[in-house]
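Here's the structure we're looking at; comments come further down.
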Amino acid sequence: MATLPFDHLVVLMMENRSFDHMLGFLHSPTYPIEGFDPNNLPNCDSVTGTAPVSVTADAKTAGDLEPDPAHDFVNVNVQIFGNKDGTVSEPLMRGFVKDYAAVSANVNKASNIMKCFTPQTLPVLSTLAKQYAICDHWYSSVPGSTIPNRLFTHAANCGGSLTQDAVLATLRLKTIFEIMDDPNNPFSYRIYTGSIGGTVLLSNLYLIHHQDGFHPYSQFRSDCAHGDLPAYTFIEPRYDDDLNNGLFANSQHPDFPVDEGEALIAEVYSALSNSPVWPRSLLLIVYDEHGGIFDHVAPPTLAPDPGFPPVPASTNPAFTFDRLGLRVPAVFISPLIKPGTIITNQFDHCSIVATVRKLFCLDKNPFNWREATASTFDNILNLSSANLRKDKVILPPPFISAGVAVRPQVRTPSDLTMLMAKSMQAAADTLGIGLKTHASEIYSAQDAINFLADTAEQFESRG
Amino acid sequence: MEHRRTWLRTWFHCSIVLFCWGCATAQDVKSCPAAFQNTHQALDCLEALFTQTDIPYHLPHLTLSSIAPGNGMPIGVVWEKRIHNVSSPFGVSNAGSDATQGNKSLTDLKAAIVFSTNSSWYATGSLVWLPPLPYRHENRPNGQVCHKLGLLCTESVFGIHLYVTNGTFQSINFFGLGPSSSNSSASFRQSQVYGGAEARMPIWNWLAAEGQIENLQPEITVHGGISSGPLTEQTAPGFGAQPDFMHYGAGFRTHFQVISEPYTDDPPTTPPGVPPPLLQKHKLILIFDNSAMEHWFTDQDTGHYSFRQLALEGQETIQLHFVIRRFVAPSSMTTRLKVLKHFCNSRASGLKVHDECSFGEFRIRPLLTLSTSDSGVVPFYLQPTLGGSDIQSRPTLRGFENYRFRAPDSAMVGIDYEIPVYNPLGALVFYDVGQVGNTISELSFAHARQDGGMGVTLRIQNTAIAQIYLAYGAGHGSHFGYNFTKFF
């Protein structure tokens, strides 16, 4: 058997946040992701037709997005094209405020759809993105809602439905899990869920009869610690508050609190990075769809390849699944990825199906042209095993914001500052000087300044 | 007042499940006018009617619920409003930036009314509030992220639950009190209004303190208004008149989960030249859930019926799993391995590394209730019962009728062994032993009632949510029953 780039793929799929909303403010001249230029922030048309509404760096942990922004196909059309039919008649990506005004029936609240997080208010995901690899062109597979997108994640297909009633298609869809269960295939999978039954996959007839792949998330840490992870692991967050037990949902679906999802991300990272399988693992943190929240990049269209099976089309509304949904955050994490890696390749959720099939399935025939044409990410590792990273990224605790504006200019340390900090850390390590904080703990400009000042003081005291 | 709180808890379970489903599906009642066009539209409509929380004009949605055993199949409507917020006024400045931290809180309002096929019903309203305490996230050395509040560092947070309920169970069987009650029964109607507050404070991840205050107004009647058979004040203390009670409760709840599994680092397939490891390793999952609550019931009229009740309840689960460590191709499967593979339930005809297979699980459910009263009287309708399922829908002595034994004190242990057979179905074998007593001294296991039986379970994600069974009660005979404990 050929050597695999990684033996264990772990996918954590969160809910309903766009790339710009979560990571757009991570952009800087020295970290040139497709985010925001602070001097030229993107904006949307206002409801009243007056001054356009710009993005703001004041997204809160919760409270901004109630009611839930609409993200059905026609609403996404309004957000992208400015009309429900999806016809190109005006500049793209300017209809978010108008659509949320209609959904919330509140003109004053409409601009909340432009609120974005900063590295200060979203410290965990931001730190992981910068310490490993950010993918700034990962699109949801369908310009629509959760169920079709999650089905594309598992089957590159949603039964021709653009709406949540795609759940009916789940019953008979053939998923990548069924393909993995090929009698002769040595690779296995697990699906960890944040709550019992909290997965659309339990609506699938095949998986209903093969439930041994489902496990409670509470066992994930132990399984990692014991080296007990299969080739492919899919993690479902807790989709709802557990009222009786004082637990918040951690899916980050609006308007559930974002910090709880940050805690989940940190725990998954910690569990995996402390596992004996870590050197041969790849963790992907990705979101199922944009949730109706602003993103400034128009999603690309796709060209069907007649050489592969078709994707069942939607008839009402008419759509042939030849256009992707909006960008969502995607972060690749592995000790074989250099810090600060920016991946600009175009991916969508079909890339998960295609990659799992390529690496872990015997049946190499794609479900359809969407899977066949999706890029795989089996080649994104950019360090050799000889250069395996030994450092451990210490994550900051999740942040519970109170909604007070954050000045963008204090959001990230510059590369020069980080270079200085890392040099000082290396010097301290060589000299055996224990520092108050480690350079890997820096995630803001202020942290970097504090680190440099403290370290200089410690060096001085040592003569 | 366990049974009344269970109404709410069961309703919450049901609502949460349906709400989760709603999160994932979110059909719209707008599809209902077209419900008769085809099955697809009908399913859409049905699902929306049971799950949609944002029905226009704030109308409620339908729900299935739980009701005391023997009172038919309940259905009702639920109205709910979930409010998330971050409390800015308590915000504190975040060191090193202009970002300001806040305190997170959650308020959840619900109201429901449920009717069953035998005219039983209840209406309830509740508010769950996770107040904006200054919890902060903290990364623990083991990588877990907890909610930090002073010295406490827990996964869950402090919560308060306010509730008020009014309802009537039309048919509760009464066989008399004590361990030797007769086989003949009378039926009574139990109505009650109650309202109060519960609070839960997590201390550690494995320990939470709980407190409760409640006002209870029960009413017991018989059909036609005439007492019959064994139902008199002498045989059923409290039958003649039911005072209002103030009920206070305090206690704690524990949860432990331990997974015993050898450390391994097995590649998906065995590389050439590497000696194959042992075929399997054990994986024992031990889950211990226990609670201890002391309840004080104060008769608000004369004090005659005041009493105390200690309730200890547990469920100890031992799951017997093993994990495959070596790939075995279908062509290499021996008869022994084929038998072994049956417990893995995967479609593969070989064995795969990291396949987790199950030999089933043991569940041990101890239950002890002890009541004490200065007057020597504990109202019969607040006494624990054994037999079938109790008023909280907990399986008790399954070889006997529902509510078969009733007394101020009770003790029982149920031992279940369940194994998956063909997903989503499992096989169940069980043994129950228990006894009720008018005094603690009567709780002798030497004279305990026993039963054994077998049944079929419905399993979701390796968790049994329903069981249907045939049991044989020693000295009693066979009894057919069912139980939906988890969700409905």
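Chain lettering (A, B, ...) mirrors the order of the structure tokens, residue numbering begins at 1 for each chain separately, and ligand numbering begins at 1 in order of display.
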(message) Can you tell me which residues surround segment 69-74 of chain A at a distance of at most 9 Å, considering only C-alpha atoms, apart from same-chain residues fewer than 4 positions away, and format the answer as a VMD selection string?
(response) chain A and resid 16 65 78 to 79 83 to 86 99 to 100 103 to 104 113 142 to 146 162 to 164 254 289 to 293 317
(request) Extract, using only C-alpha atoms, all DNA, RNA and protein residues at most 8 Å from His21 of chain A, discarding same-chain residues fewer than 5 positions from it, and format them as a list of chain:residue names. (result)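 Counting only the stated atoms, we get A:Met114, A:Lys115, A:Cys116, A:Phe117, A:Ile293, A:Phe294, A:Asp295.
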Please identify all polymer residues within 10 Å of Asn142 of chain B, counting only C-alpha atoms, omitting same-chain residues fewer than 6 positions from it, and present them as an mmCIF file with C-alpha atoms, in the first residue's frame.
```
data_model
loop_
_atom_site.group_PDB
_atom_site.id
_atom_site.type_symbol
_atom_site.label_atom_id
_atom_site.label_comp_id
_atom_site.auth_asym_id
_atom_site.auth_seq_id
_atom_site.Cartn_x
_atom_site.Cartn_y
_atom_site.Cartn_z
ATOM 1 C CA ARG A 221 -10.471 12.970 24.226
ATOM 2 C CA GLU A 267 -10.479 21.088 23.030
ATOM 3 C CA SER A 270 -5.714 19.895 22.363
ATOM 4 C CA ALA A 271 -6.983 16.312 22.339
ATOM 5 C CA ASN A 274 -1.616 15.403 22.601
#
```
For the contact check between chain A and chain B, emit one row per residue of chain A within 6 Å, containing the shortest atom pair and the distance in Å rounded to one decimal, counting only C-alpha atoms, chain then rising number order, as CSV.
```
residue,atom,partner,partner_atom,distance
A:Ala62,CA,B:Asn85,CA,5.8
A:Gly63,CA,B:Asn85,CA,4.9
A:Gln164,CA,B:Thr25,CA,5.2
A:Asp181,CA,B:Ala348,CA,5.6
A:Asp182,CA,B:Ala348,CA,5.9
A:Pro183,CA,B:Ala348,CA,3.7
A:Pro186,CA,B:Lys352,CA,5.3
A:His209,CA,B:Asn423,CA,4.6
A:Gln211,CA,B:Gln461,CA,5.9
A:Phe214,CA,B:Gln461,CA,5.9
A:His226,CA,B:Tyr263,CA,4.6
A:Gly227,CA,B:Asp265,CA,5.0
A:Pro230,CA,B:His354,CA,5.4
A:Gly246,CA,B:Ser156,CA,4.9
A:Leu247,CA,B:Ser156,CA,5.0
A:Ala263,CA,B:Val145,CA,5.7
A:Glu267,CA,B:Gln144,CA,5.3
A:Ser270,CA,B:Gly143,CA,5.1
A:Pro397,CA,B:Glu138,CA,5.5
A:Pro398,CA,B:His137,CA,5.9
A:Ile400,CA,B:Gln101,CA,5.4
A:Ser401,CA,B:Gln101,CA,4.5
A:Ala402,CA,B:Gly102,CA,4.1
A:Val404,CA,B:Thr100,CA,5.8
A:Val406,CA,B:Ala99,CA,5.2
A:Gln446,CA,B:Gly96,CA,5.4
```
(message) Set the distance at 8 Å and use only C-alpha atoms: which residues neighbour Phe177 of chain A once local chain neighbours fewer than 3 positions away are removed? I'd like the list as a PyMOL selection string.
(response) chain A and resi 154+180-181+189
For the residues selected in the previous step, produce a file with N, CA and C atoms as a compact mmCIF listing (two decimals), in the first residue's frame.
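Dumped everything to result17.txt:
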```
# COMPACT_ATOMS: atom_id res chain seq x y z
N HIS A 154 -20.97 14.86 2.88
CA HIS A 154 -20.88 13.41 3.05
C HIS A 154 -21.16 12.63 1.76
N MET A 180 -16.72 3.71 2.44
CA MET A 180 -15.62 3.24 3.29
C MET A 180 -15.89 1.85 3.84
N ASP A 181 -17.16 1.50 3.98
CA ASP A 181 -17.51 0.19 4.53
C ASP A 181 -17.38 -0.93 3.51
N TYR A 189 -14.07 4.55 9.95
CA TYR A 189 -14.44 5.93 10.28
C TYR A 189 -15.17 5.98 11.61
```
(request) Identify, on the basis of only C-alpha atoms, every residue whose closest approach to Trp204 of chain B does not exceed 7 Å; exclude the query and any residue fewer than 2 positions from it along the same chain; express the result as a list in words. (result)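 Within the cut-off, the hits are Leu152, Cys153, Thr154, Pro202, Trp206, Leu207 and Ala208 of chain B.
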